[in-house]
>>> print(open('start01.txt').read())   # compact mmCIF, C-alpha atoms and all ligand atoms
# COMPACT_ATOMS: atom_id res chain seq x y z
CA MET A 839 85.66 54.21 110.80
CA SER A 840 85.41 50.68 109.40
CA ASP A 841 86.15 51.78 105.82
CA TYR A 842 89.19 53.79 106.89
CA ILE A 843 92.65 52.32 106.50
CA ARG A 844 94.52 52.75 109.73
CA LEU A 845 98.09 53.84 109.18
CA LYS A 846 100.75 54.20 111.82
CA ASN A 847 99.94 57.47 113.50
CA PRO A 848 103.06 59.61 113.35
CA LEU A 849 101.53 62.42 115.38
CA LYS A 850 102.99 61.97 118.84
CA GLY A 851 100.58 62.95 121.55
CA PHE A 852 97.45 62.74 119.38
CA ILE A 853 94.49 60.51 120.17
CA GLN A 854 92.15 60.01 117.23
CA THR A 855 88.48 59.74 118.02
CA ASP A 856 86.78 60.00 114.66
CA ALA A 857 87.32 60.18 110.89
CA GLU A 858 84.93 61.25 108.19
CA VAL A 859 84.74 63.09 104.89
CA ILE A 860 82.65 66.23 104.96
CA THR A 861 82.07 68.89 102.37
CA ALA A 862 81.67 72.00 104.45
CA ARG A 863 84.63 74.17 105.35
CA PHE A 864 87.22 71.73 104.04
CA GLU A 865 85.45 70.57 100.95
CA GLY A 866 86.55 67.08 99.99
CA PHE A 867 88.97 66.81 102.90
CA HIS A 868 89.21 63.86 105.23
CA ILE A 869 88.28 65.20 108.61
CA VAL A 870 90.07 63.57 111.49
CA SER A 871 88.90 64.50 114.96
CA GLY A 872 90.79 63.97 118.15
CA GLN A 873 92.39 65.44 121.17
CA LEU A 874 95.78 65.84 122.71
CA GLU A 875 97.01 63.35 125.29
CA THR A 876 96.71 64.67 128.80
CA PRO A 877 100.17 65.76 129.87
CA SER A 878 101.55 63.66 132.72
CA GLN A 879 102.97 66.69 134.40
CA LEU A 880 101.70 70.24 134.27
CA ILE A 881 104.10 73.09 134.80
CA CYS A 882 103.10 76.72 134.60
CA PRO A 883 105.25 78.39 131.90
CA ALA A 884 105.13 81.69 133.85
CA CYS A 885 106.14 80.68 137.38
CA GLY A 886 107.06 76.99 137.16
CA SER A 887 104.44 75.89 139.65
CA GLU A 888 102.94 72.41 139.27
CA ASP A 889 99.68 73.50 140.86
CA CYS A 890 97.60 73.88 137.69
CA ILE A 891 94.00 72.98 136.97
CA ARG A 892 91.94 72.45 133.82
CA ASN A 893 90.17 75.52 132.62
CA GLY A 894 88.06 74.65 129.58
CA SER A 895 89.17 73.72 126.07
CA SER A 896 89.17 74.99 122.52
CA THR A 897 89.27 73.38 119.09
CA LEU A 898 91.41 74.28 116.10
CA TRP A 899 92.09 72.99 112.62
CA ILE A 900 95.46 71.70 111.51
CA LEU A 901 96.21 70.29 108.07
CA ASP A 902 98.13 67.04 107.81
CA ILE A 903 99.75 65.05 104.98
CA PRO A 904 97.16 64.30 102.25
CA TYR A 905 95.65 60.87 102.13
CA GLY A 906 95.25 59.69 98.54
CA ASP A 907 93.96 62.59 96.49
CA LYS A 908 92.32 64.28 99.46
CA GLY A 909 93.71 66.60 102.06
CA VAL A 910 93.53 65.75 105.71
CA ALA A 911 92.21 68.30 108.21
CA ILE A 912 92.53 67.56 111.90
CA ASN A 913 89.90 68.96 114.18
CA LEU A 914 91.86 69.13 117.38
CA CYS A 915 90.60 69.67 120.86
CA ARG A 916 93.12 71.37 123.11
CA ARG A 917 92.79 71.98 126.81
CA ARG A 918 93.37 75.19 128.64
CA PHE A 919 94.90 75.34 132.11
CA LEU A 920 95.07 77.82 134.91
CA CYS A 921 97.91 78.22 137.37
CA HIS A 922 96.72 78.32 140.94
CA ARG A 923 99.74 80.11 142.20
CA CYS A 924 100.09 83.01 139.75
CA GLY A 925 96.79 82.91 137.88
CA PHE A 926 98.45 82.49 134.48
CA SER A 927 96.22 80.86 131.85
CA PHE A 928 97.92 78.67 129.25
CA ARG A 929 97.07 76.22 126.53
CA GLN A 930 98.45 72.80 125.90
CA ASP A 931 101.41 72.66 123.60
CA ILE A 932 100.84 70.83 120.26
CA PRO A 933 104.03 68.84 119.72
CA PHE A 934 103.36 68.02 116.04
CA LYS A 935 102.27 71.48 114.90
CA ASN A 936 104.51 73.62 112.73
CA PRO A 937 105.35 76.78 114.70
CA ASP A 938 104.58 79.16 111.83
CA HIS A 939 101.55 77.70 110.10
CA MET A 940 98.43 75.73 110.92
CA ILE A 941 99.92 72.55 109.48
CA THR A 942 101.68 69.56 111.01
CA ASN A 943 105.46 69.26 110.94
CA ALA A 944 104.99 66.18 108.78
CA LEU A 945 103.08 68.18 106.17
CA ASN A 946 105.73 70.89 106.33
CA LEU A 947 108.34 68.25 105.56
CA TYR A 948 106.22 66.86 102.73
CA ILE A 949 105.97 70.35 101.19
CA TYR A 950 109.72 70.78 101.65
CA GLY A 951 110.30 67.58 99.69
CA LEU A 952 108.06 68.64 96.82
CA LEU A 953 109.77 72.02 96.57
CA GLU A 954 113.21 70.45 96.74
CA ARG A 955 112.33 68.22 93.82
CA GLY A 956 111.58 71.34 91.80
CA HIS A 957 107.78 71.44 91.90
CA THR A 958 106.33 74.89 91.33
CA LEU A 959 104.38 76.69 94.02
CA LYS A 960 101.14 75.94 92.24
CA GLU A 961 101.88 72.25 91.82
CA THR A 962 102.98 71.97 95.44
CA SER A 963 99.84 73.77 96.57
CA ILE A 964 97.64 71.35 94.62
CA LEU A 965 99.50 68.25 95.80
CA SER A 966 99.64 69.27 99.45
CA HIS A 967 96.18 70.90 99.66
CA VAL A 968 97.80 73.90 101.30
CA ASP A 969 97.21 77.49 100.19
CA ALA A 970 99.81 78.71 97.69
CA ASN A 971 100.74 81.69 99.87
CA ILE A 972 101.63 79.37 102.73
CA VAL A 973 103.61 77.16 100.34
CA LYS A 974 105.51 80.25 99.21
CA ALA A 975 106.22 81.26 102.80
CA ILE A 976 107.55 77.75 103.49
CA ASP A 977 109.69 77.83 100.35
CA LYS A 978 111.11 81.21 101.23
CA ALA A 979 111.94 80.08 104.76
CA ARG A 980 113.63 76.99 103.30
CA LEU A 981 115.77 79.08 100.95
CA LEU A 982 116.60 81.64 103.63
CA ALA A 983 117.83 78.84 105.86
CA LEU A 984 119.94 77.42 103.03
CA TYR A 985 121.53 80.59 101.72
CA THR A 986 121.45 83.29 104.37
CA ASP A 987 122.82 83.69 107.87
CA GLY A 988 119.37 84.40 109.28
CA ARG A 989 120.34 88.00 109.97
CA GLY A 990 119.57 89.34 106.53
CA HIS A 991 122.81 88.54 104.70
CA LEU A 992 123.84 85.97 102.14
CA LEU A 993 126.18 83.24 103.30
CA LYS A 994 129.76 83.27 102.09
CA PRO A 995 130.29 80.62 99.35
CA GLU A 996 131.03 77.22 100.87
CA LYS A 997 133.94 76.44 98.64
CA GLN A 998 136.81 78.43 97.32
CA ALA A 999 136.47 79.39 93.66
CA LYS A 1000 139.46 79.79 91.38
CA HIS A 1001 137.69 81.37 88.44
CA ILE A 1002 134.67 83.58 88.78
CA ALA A 1003 132.56 85.60 86.38
CA VAL A 1004 130.78 88.83 87.13
CA ASP A 1005 128.17 90.51 85.02
CA GLU A 1006 125.10 92.60 85.15
CA PHE A 1007 121.86 90.77 85.14
CA LYS A 1008 118.58 92.04 83.81
CA ILE A 1009 115.44 91.50 85.82
CA HIS A 1010 111.85 92.52 85.29
CA CYS A 1011 112.20 92.55 81.49
CA GLY A 1012 115.38 94.59 81.67
CA HIS A 1013 113.99 97.48 83.69
CA ILE A 1014 116.12 96.74 86.69
CA TYR A 1015 119.70 95.60 86.84
CA ALA A 1016 121.40 93.37 89.30
CA THR A 1017 124.99 92.28 89.72
CA ILE A 1018 125.67 88.57 89.63
CA VAL A 1019 128.81 86.61 90.48
CA ILE A 1020 129.18 82.96 89.60
CA ASP A 1021 131.71 80.25 90.34
CA LEU A 1022 132.80 79.06 86.91
CA SER A 1023 133.70 75.55 88.09
CA ASP A 1024 130.04 74.58 88.38
CA GLY A 1025 128.01 77.63 87.36
CA SER A 1026 126.63 78.20 90.83
CA VAL A 1027 125.51 81.71 91.68
CA ILE A 1028 127.57 82.87 94.65
CA TYR A 1029 126.36 86.44 94.81
CA LEU A 1030 123.42 88.42 93.55
CA ALA A 1031 122.43 91.97 94.46
CA HIS A 1032 120.44 94.87 93.13
CA GLY A 1033 122.22 97.52 91.11
CA LYS A 1034 125.03 97.31 88.60
CA LYS A 1035 127.11 99.83 90.40
CA LYS A 1036 130.46 99.53 92.07
CA GLN A 1037 128.75 99.22 95.43
CA ALA A 1038 127.21 95.84 94.61
CA LEU A 1039 130.63 94.46 93.83
CA GLU A 1040 132.18 96.08 96.92
CA ASP A 1041 129.55 94.29 98.99
CA PHE A 1042 130.50 91.00 97.38
CA LEU A 1043 134.17 91.59 98.20
CA ALA A 1044 133.25 92.41 101.79
CA LEU A 1045 131.24 89.18 102.01
CA VAL A 1046 133.95 86.82 100.78
CA GLY A 1047 136.87 88.65 102.37
CA ASP A 1048 140.49 89.15 101.33
CA GLU A 1049 141.64 85.60 101.98
CA TRP A 1050 139.00 84.16 99.68
CA MET A 1051 139.66 86.76 96.98
CA ASN A 1052 143.42 86.23 97.13
CA ALA A 1053 142.89 82.60 96.13
CA VAL A 1054 140.93 83.64 93.02
CA GLU A 1055 143.10 83.52 89.93
CA ALA A 1056 140.91 85.04 87.28
CA VAL A 1057 137.71 87.00 86.84
CA ALA A 1058 135.76 86.95 83.58
CA CYS A 1059 133.74 90.04 82.76
CA ASP A 1060 132.32 92.06 79.93
CA MET A 1061 134.47 94.75 78.33
CA ASN A 1062 131.69 97.28 78.64
CA SER A 1063 131.59 97.09 82.41
CA ASN A 1064 133.77 98.83 84.93
CA TYR A 1065 133.96 95.88 87.26
CA GLU A 1066 137.61 95.20 86.49
CA LEU A 1067 138.67 98.48 88.09
CA VAL A 1068 137.17 97.45 91.41
CA PHE A 1069 139.04 94.15 91.36
CA LEU A 1070 142.36 95.53 90.20
CA GLU A 1071 142.34 98.31 92.76
CA ARG A 1072 142.24 95.83 95.60
CA TYR A 1073 143.67 92.63 94.17
CA PRO A 1074 146.25 93.59 91.54
CA LYS A 1075 147.38 89.97 91.16
CA ILE A 1076 144.04 88.81 89.77
CA SER A 1077 143.86 88.33 86.01
CA ILE A 1078 140.93 90.02 84.33
CA VAL A 1079 139.64 88.06 81.34
CA TYR A 1080 137.40 89.60 78.73
CA ASP A 1081 135.58 86.69 77.34
CA MET A 1082 135.25 85.89 73.70
CA PHE A 1083 131.49 85.55 73.99
CA HIS A 1084 131.15 89.25 74.64
CA ILE A 1085 133.89 90.26 72.22
CA CYS A 1086 132.19 88.42 69.36
CA LYS A 1087 128.84 89.88 70.38
CA ASN A 1088 130.38 93.34 70.45
CA PHE A 1089 131.80 92.81 66.99
CA SER A 1090 128.41 91.77 65.62
CA ASP A 1091 126.63 94.70 67.23
CA MET A 1092 129.25 97.41 66.79
CA VAL A 1093 130.64 96.52 63.39
CA ILE A 1094 128.67 94.04 61.28
CA SER A 1095 125.25 95.59 61.93
CA GLU A 1096 126.47 99.12 61.43
CA VAL A 1097 128.53 98.39 58.34
CA ARG A 1098 125.57 96.64 56.77
CA LYS A 1099 123.32 99.60 57.45
CA ASP A 1100 125.87 102.04 55.98
CA LEU A 1101 126.29 99.90 52.91
CA GLN A 1102 122.58 99.57 52.37
CA GLY A 1103 122.22 103.35 52.55
CA LYS A 1104 125.07 103.88 50.10
CA LEU A 1105 123.67 101.40 47.59
CA LYS A 1106 120.24 102.97 47.79
CA ALA A 1107 121.68 106.45 47.32
CA SER A 1108 123.51 105.37 44.18
CA GLY A 1109 120.36 103.84 42.72
CA ARG A 1110 121.34 100.20 43.16
CA THR A 1111 118.06 99.26 44.80
CA ALA A 1112 118.31 95.57 43.89
CA ASP A 1113 121.68 95.25 45.62
CA ALA A 1114 120.39 97.16 48.63
CA THR A 1115 117.44 94.80 48.88
CA SER A 1116 119.75 91.81 48.78
CA LEU A 1117 121.35 93.15 51.95
CA LYS A 1118 118.03 93.21 53.71
CA HIS A 1119 117.61 90.43 56.24
CA SER A 1120 121.26 89.55 55.81
CA LYS A 1121 122.32 90.30 59.39
CA TYR A 1122 121.88 86.68 60.36
CA LEU A 1123 123.96 85.55 57.38
CA LEU A 1124 126.73 87.99 58.12
CA CYS A 1125 126.88 87.28 61.83
CA SER A 1126 126.84 83.49 61.57
CA SER A 1127 129.99 81.49 61.21
CA LEU A 1128 130.64 79.74 57.91
CA LYS A 1129 130.35 76.42 59.72
CA THR A 1130 126.79 77.18 60.80
CA LEU A 1131 125.83 78.20 57.29
CA GLU A 1132 127.37 75.05 55.82
CA LYS A 1133 125.46 72.97 58.34
CA LYS A 1134 122.19 74.63 57.39
CA ASP A 1135 122.83 74.02 53.69
CA CYS A 1136 123.55 70.37 54.40
CA GLN A 1137 120.29 70.09 56.30
CA ALA A 1138 118.45 71.70 53.38
CA LYS A 1139 120.00 69.19 50.98
CA ALA A 1140 118.85 66.35 53.21
CA GLY A 1141 115.31 67.79 53.12
CA MET A 1142 115.12 68.68 56.79
CA VAL A 1143 111.70 69.77 57.95
CA VAL A 1144 111.76 72.81 60.24
CA VAL A 1145 108.04 73.00 60.89
CA GLU A 1146 105.95 69.86 60.59
CA GLU A 1147 102.70 69.80 58.72
CA SER A 1148 99.59 69.72 60.85
CA THR A 1149 96.10 68.94 59.61
CA ILE A 1150 94.52 69.93 62.91
CA PHE A 1151 95.57 73.55 62.66
CA ARG A 1152 96.06 73.77 58.87
CA ARG A 1153 99.75 74.32 59.11
CA ASP A 1154 101.91 73.70 56.08
CA GLU A 1155 105.21 71.93 56.19
CA VAL A 1156 108.26 74.20 56.14
CA LYS A 1157 111.53 72.80 54.86
CA ARG A 1158 114.97 74.14 55.68
CA GLN A 1159 115.96 76.64 52.98
CA GLY A 1160 119.31 76.18 51.29
CA GLY A 1161 121.78 78.42 49.54
CA HIS A 1162 123.13 80.12 52.66
CA VAL A 1163 126.77 79.68 51.78
CA GLU A 1164 126.24 80.80 48.21
CA ARG A 1165 124.38 83.94 49.25
CA TYR A 1166 126.98 84.72 51.86
CA ARG A 1167 129.87 84.25 49.38
CA LYS A 1168 128.13 86.50 46.89
CA LEU A 1169 127.68 89.22 49.50
CA ILE A 1170 131.28 89.26 50.58
CA GLU A 1171 132.58 89.04 47.02
CA GLU A 1172 130.63 92.06 45.94
CA ASN A 1173 131.30 94.18 48.98
CA GLU A 1174 134.81 94.72 50.10
CA ILE A 1175 133.83 95.90 53.55
CA LEU A 1176 131.73 92.79 54.17
CA ALA A 1177 134.70 90.70 53.15
CA SER A 1178 136.64 92.48 55.88
CA CYS A 1179 133.93 91.56 58.36
CA ASP A 1180 134.27 87.98 57.25
CA MET A 1181 138.03 88.04 57.72
CA MET A 1182 137.69 89.57 61.16
CA LYS A 1183 135.17 86.94 62.14
CA GLU A 1184 137.66 84.26 61.17
CA PHE A 1185 140.38 85.99 63.19
CA LEU A 1186 138.17 86.07 66.25
CA MET A 1187 137.31 82.41 65.81
CA ASP A 1188 140.98 81.49 65.61
CA PHE A 1189 141.74 83.66 68.60
CA ARG A 1190 139.32 81.66 70.72
CA SER A 1191 141.41 78.53 70.47
CA LEU A 1192 144.81 80.09 71.23
CA VAL A 1193 146.50 78.87 74.39
CA SER A 1194 149.74 80.84 74.33
CA GLU A 1195 149.63 84.38 75.65
CA GLU A 1196 152.48 85.40 73.38
CA GLU A 1197 150.68 84.14 70.32
CA ALA A 1198 147.48 85.81 71.51
CA ARG A 1199 149.27 89.14 71.86
CA THR A 1200 150.63 88.98 68.31
CA LYS A 1201 147.27 87.94 66.96
CA LEU A 1202 145.50 90.74 68.80
CA GLU A 1203 147.93 93.30 67.44
CA SER A 1204 147.35 92.08 63.91
CA MET A 1205 143.58 92.20 64.47
CA ILE A 1206 143.81 95.79 65.64
CA SER A 1207 145.89 96.87 62.67
CA PHE A 1208 143.56 94.99 60.33
CA CYS A 1209 140.61 96.93 61.71
CA ARG A 1210 142.45 100.22 61.35
CA GLY A 1211 143.46 99.26 57.80
CA THR A 1212 139.88 99.07 56.61
CA GLY A 1213 139.49 102.81 57.17
CA ASP A 1214 135.93 102.22 58.30
CA PRO A 1215 134.83 104.22 61.38
CA HIS A 1216 133.05 101.26 62.97
CA PHE A 1217 136.07 99.04 62.57
CA ASN A 1218 138.15 101.80 64.03
CA LYS A 1219 135.91 102.05 67.07
CA PHE A 1220 136.17 98.32 67.57
CA ALA A 1221 139.95 98.53 67.27
CA ASN A 1222 139.95 101.15 70.04
CA LEU A 1223 137.89 98.86 72.22
CA LEU A 1224 140.30 95.97 71.67
CA GLU A 1225 143.28 98.19 72.34
CA ARG A 1226 141.88 99.56 75.58
CA HIS A 1227 141.26 96.04 76.86
CA SER A 1228 144.22 94.23 75.35
CA GLU A 1229 145.56 92.78 78.63
CA GLY A 1230 142.28 91.16 79.51
CA ILE A 1231 141.75 89.86 75.99
CA VAL A 1232 145.17 88.25 75.89
CA SER A 1233 144.50 86.65 79.30
CA HIS A 1234 141.82 84.56 77.61
CA ALA A 1235 144.59 82.40 76.10
CA LYS A 1236 145.74 81.49 79.60
CA PHE A 1237 142.41 80.93 81.34
CA HIS A 1238 139.82 80.15 78.68
CA ILE A 1239 136.96 81.29 80.87
CA SER A 1240 133.89 83.21 79.91
CA SER A 1241 130.97 84.97 81.52
CA GLY A 1242 128.73 83.58 78.78
CA MET A 1243 127.38 81.19 81.39
CA ILE A 1244 125.55 84.13 82.98
CA GLU A 1245 123.54 84.49 79.78
CA GLY A 1246 122.23 80.99 80.44
CA ILE A 1247 121.25 81.92 83.99
CA ASN A 1248 119.48 84.97 82.58
CA ASN A 1249 117.31 82.72 80.44
CA LYS A 1250 116.71 80.37 83.32
CA SER A 1251 115.53 83.22 85.52
CA LYS A 1252 112.90 84.13 82.94
CA MET A 1253 111.62 80.59 83.22
CA ILE A 1254 111.60 80.79 87.02
CA MET A 1255 109.64 84.02 86.74
CA ARG A 1256 107.07 82.37 84.46
CA LYS A 1257 106.75 79.30 86.66
CA ALA A 1258 105.85 81.29 89.74
CA PHE A 1259 103.02 83.72 89.99
CA GLY A 1260 104.29 87.24 89.70
CA PHE A 1261 107.33 87.28 91.96
CA ARG A 1262 106.63 90.66 93.40
CA ASP A 1263 108.98 89.49 96.09
CA ASP A 1264 112.49 90.11 94.77
CA ASP A 1265 114.22 88.50 97.74
CA TYR A 1266 112.37 85.30 96.99
CA PHE A 1267 113.07 85.57 93.26
CA PHE A 1268 116.82 86.02 93.86
CA LEU A 1269 116.88 83.11 96.28
CA LYS A 1270 115.15 80.97 93.63
CA ILE A 1271 117.82 81.90 91.07
CA ILE A 1272 120.60 81.00 93.50
CA ASP A 1273 118.85 77.76 94.37
CA SER A 1274 118.31 76.71 90.76
CA SER A 1275 122.02 77.19 90.03
CA ARG A 1276 123.19 74.92 92.84
CA LYS A 1277 123.54 71.19 92.55
CA ARG A 1278 120.99 69.62 94.85
CA THR A 1279 122.41 68.27 98.05
CA LYS A 1280 120.28 65.75 99.83
CA GLN A 1281 118.89 67.09 103.05
CA SER A 1282 119.06 64.96 106.13
CA PRO A 1283 115.55 63.91 107.18
CA THR A 1284 114.11 66.06 109.92
CA GLU A 1285 112.45 64.53 112.95
CA ILE A 1286 108.66 64.75 112.70
ZN ZN B 1301 102.10 80.15 137.54
>>> encode(input="start01.txt", output="structure tokens")
Amino acid sequence: MSDYIRLKNPLKGFIQTDAEVITARFEGFHIVSGQLETPSQLICPACGSEDCIRNGSSTLWILDIPYGDKGVAINLCRRRFLCHRCGFSFRQDIPFKNPDHMITNALNLYIYGLLERGHTLKETSILSHVDANIVKAIDKARLLALYTDGRGHLLKPEKQAKHIAVDEFKIHCGHIYATIVIDLSDGSVIYLAHGKKKQALEDFLALVGDEWMNAVEAVACDMNSNYELVFLERYPKISIVYDMFHICKNFSDMVISEVRKDLQGKLKASGRTADATSLKHSKYLLCSSLKTLEKKDCQAKAGMVVVEESTIFRRDEVKRQGGHVERYRKLIEENEILASCDMMKEFLMDFRSLVSEEEARTKLESMISFCRGTGDPHFNKFANLLERHSEGIVSHAKFHISSGMIEGINNKSKMIMRKAFGFRDDDYFFLKIIDSSRKRTKQSPTEI
């Protein structure tokens, strides 16, 4: 014991008798041996009698906070007692042991701290010398305590939101859908549930209640969903906002891509193979804004390196290619329909910045008639989409909110999935997503 630094022993009721490092069951652990203090008063937990006698002892292992780079395993001797009056046999209570795992409360708190600071399960397991499955169980219990009522339901959001966004959320590589609701003031996830059906949203409404919902001014959602119907049925005063993020995405997918394919086919059919080839790989060009293309050309002029040369892995340097704007201009000059796409893109860009609903309404009407004017079936379909959702599109001028933030959470969740092993436990996965979206609030230290 002479080479052992004595620290203040935070384990109340523990008397240390020995300390050594052995390499048997707990390889490389510090082994601390000891026993529990003899209780001053013995009371039978069954009948309350004080007439109890010692009746043997048993030893058990409890892990404590690591010391240096080694874990600490306590070999604890615990007495057994027998009640004279009722014959009940009971063991001494261990005041510093975590009720759920064979670890001390102090170690539990240490693991809590690591998880709170964003360490992965694996990292926490390595740092705490505790099995990763136990670390996961501790993390799940921590998150359940933070975000659920302990009876299997999510807690109602702490603060009132004014603007919320609702969207479907892909999990497990898009095989399964979930419904997600976020508070747009800070991006925190306030609801998450399996299924993209009406029921998921109904459950959310039941959770927050009418009073909470009546204080919500606007809901951002995707045009392709039917969420708005659920809201409007029950809260007709709420403004539905179709965000520009999804509208622009819809335009790229529904119109630009399709028009390009049609055009390529037409050119090929009429023997203009060279022109058809020039359209190949042009989706990026056509979908980008002119500003982005100009920026790329500027970078090319300045000799920007996209991929650096590496001698270790024989990788050649790749410089930013130029000529984006020129190629784009040529495409839209030669093809009338692509020029229309370009115009429409500009319109949508301008629409984004409008703040007057009246102006937005006029602009939307002109966009719809522009689409119809092209005579192209894809443009026409897009015009129908705009028309069907005109109220919600115009509302964007008033609220300027978007559910594009959910896209970011989608990406984040993929990272969470990668950081943990597997996540076959969806409850845990969802709790992790909710947790990662919240701003960390400092927990008050728990008594060891
Ligand atoms: Zn008794």
>>> closest_residue(input="start01.txt", among="A:Cys885, A:Leu1224, A:Leu849, A:Ile1009", to="ligand ZN 1301 (chain B)", atoms="only C-alpha atoms and all ligand atoms")
A:Cys885
>>> closest_residue(input="start01.txt", among="A:Met1142, A:Leu952, A:Ile891, A:Ile941", to="Arg918 (chain A)", atoms="all atoms listed in the file")
A:Ile891
>>> residues_near_ligand(input="start01.txt", ligand="ligand ZN 1301 (chain B)", cutoff="9 Å", atoms="all atoms listed in the file", output="list in words")
Ile881, Cys882, Pro883, Ala884, Cys885, Gly886, Ser887, Glu888, Asp889, Cys890, Leu920, Cys921, His922, Arg923, Cys924, Gly925, Phe926 and Ser927 of chain A
>>> closest_residue(input="start01.txt", among="A:Val1163, A:Ala1044, A:Leu1269, A:Ala999", to="Ala983 (chain A)", atoms="all atoms listed in the file")
A:Leu1269
>>> atom_distance(input="start01.txt", atom1="CA of Glu1055 (chain A)", atom2="CA of Lys1201 (chain A)")
23.8 Å
>>> residues_near_point(input="start01.txt", point="(138.7, 97.1, 76.8)", cutoff="12 Å", atoms="only C-alpha atoms", output="ChimeraX atom specification")
/A:1059-1067,1078-1081,1084-1085,1088,1219-1232
>>> atom_distance(input="start01.txt", atom1="CA of Val1057 (chain A)", atom2="CA of Ala1038 (chain A)")
15.8 Å
>>> closest_residue(input="start01.txt", among="A:Gly866, A:Gly906, A:Gly1242, A:Pro995", to="Arg1276 (chain A)", atoms="all atoms listed in the file")
A:Pro995
>>> atom_distance(input="start01.txt", atom1="CA of Thr942 (chain A)", atom2="CA of Leu914 (chain A)")
11.7 Å
>>> closest_residue(input="start01.txt", among="A:Gln930, A:Ser1090, A:Gln1037, A:Ser871", to="Ile912 (chain A)", atoms="all atoms listed in the file")
A:Ser871
>>> residues_around(input="start01.txt", residues="Thr1115 (chain A)", least_positions_apart="4", cutoff="9 Å", atoms="only C-alpha atoms", output="MDAnalysis selection string")
chainID A and resid 1102 1106 1110:1111 1119
>>> write_last_selection(input="start01.txt", atoms="C-alpha atoms", output="compact mmCIF listing (two decimals), in the coordinates of the input")
# COMPACT_ATOMS: atom_id res chain seq x y z
CA GLN A 1102 122.58 99.57 52.37
CA LYS A 1106 120.24 102.97 47.79
CA ARG A 1110 121.34 100.20 43.16
CA THR A 1111 118.06 99.26 44.80
CA HIS A 1119 117.61 90.43 56.24
>>> residues_around(input="start01.txt", residues="region 969-981 of chain A", least_positions_apart="6", cutoff="8 Å", atoms="only C-alpha atoms", output="list of chain:residue names")
A:His939, A:Asn946, A:Ile949, A:Tyr950, A:Leu953, A:Leu959, A:Lys960, A:Thr962, A:Ser963, A:Tyr1266, A:Leu1269, A:Lys1270, A:Asp1273
>>> residues_around(input="start01.txt", residues="Phe1217 (chain A)", least_positions_apart="4", cutoff="12 Å", atoms="only C-alpha atoms", output="list of chain:residue names")
A:Asn1088, A:Phe1089, A:Ser1090, A:Asp1091, A:Met1092, A:Val1093, A:Ile1094, A:Ser1095, A:Glu1096, A:Val1097, A:Ile1175, A:Leu1176, A:Ser1178, A:Cys1179, A:Met1182, A:Met1205, A:Ile1206, A:Ser1207, A:Phe1208, A:Cys1209, A:Arg1210, A:Gly1211, A:Thr1212, A:Gly1213, A:Ala1221, A:Asn1222, A:Leu1223, A:Leu1224
>>> write_last_selection(input="start01.txt", atoms="C-alpha atoms", output="CSV table (one decimal), in the frame of the given file")
chain,number,residue,atom,x,y,z
A,1088,ASN,CA,130.4,93.3,70.4
A,1089,PHE,CA,131.8,92.8,67.0
A,1090,SER,CA,128.4,91.8,65.6
A,1091,ASP,CA,126.6,94.7,67.2
A,1092,MET,CA,129.2,97.4,66.8
A,1093,VAL,CA,130.6,96.5,63.4
A,1094,ILE,CA,128.7,94.0,61.3
A,1095,SER,CA,125.2,95.6,61.9
A,1096,GLU,CA,126.5,99.1,61.4
A,1097,VAL,CA,128.5,98.4,58.3
A,1175,ILE,CA,133.8,95.9,53.6
A,1176,LEU,CA,131.7,92.8,54.2
A,1178,SER,CA,136.6,92.5,55.9
A,1179,CYS,CA,133.9,91.6,58.4
A,1182,MET,CA,137.7,89.6,61.2
A,1205,MET,CA,143.6,92.2,64.5
A,1206,ILE,CA,143.8,95.8,65.6
A,1207,SER,CA,145.9,96.9,62.7
A,1208,PHE,CA,143.6,95.0,60.3
A,1209,CYS,CA,140.6,96.9,61.7
A,1210,ARG,CA,142.4,100.2,61.4
A,1211,GLY,CA,143.5,99.3,57.8
A,1212,THR,CA,139.9,99.1,56.6
A,1213,GLY,CA,139.5,102.8,57.2
A,1221,ALA,CA,140.0,98.5,67.3
A,1222,ASN,CA,140.0,101.2,70.0
A,1223,LEU,CA,137.9,98.9,72.2
A,1224,LEU,CA,140.3,96.0,71.7
>>> closest_residue(input="start01.txt", among="A:Ala1056, A:Met1243, A:Val1144, A:Asp1264", to="Val1156 (chain A)", atoms="all atoms listed in the file")
A:Val1144
>>> residues_around(input="start01.txt", residues="Val1193 (chain A)", least_positions_apart="6", cutoff="12 Å", atoms="only C-alpha atoms", output="ChimeraX atom specification")
/A:1199,1201,1232-1239
>>> residues_around(input="start01.txt", residues="Glu858 (chain A)", least_positions_apart="5", cutoff="7 Å", atoms="all atoms listed in the file", output="count of residues only")
3
>>> residues_near_point(input="start01.txt", point="(125.0, 78.9, 56.1)", cutoff="12 Å", atoms="all atoms listed in the file", output="PyMOL selection string")
chain A and resi 1120+1122-1138+1158-1167
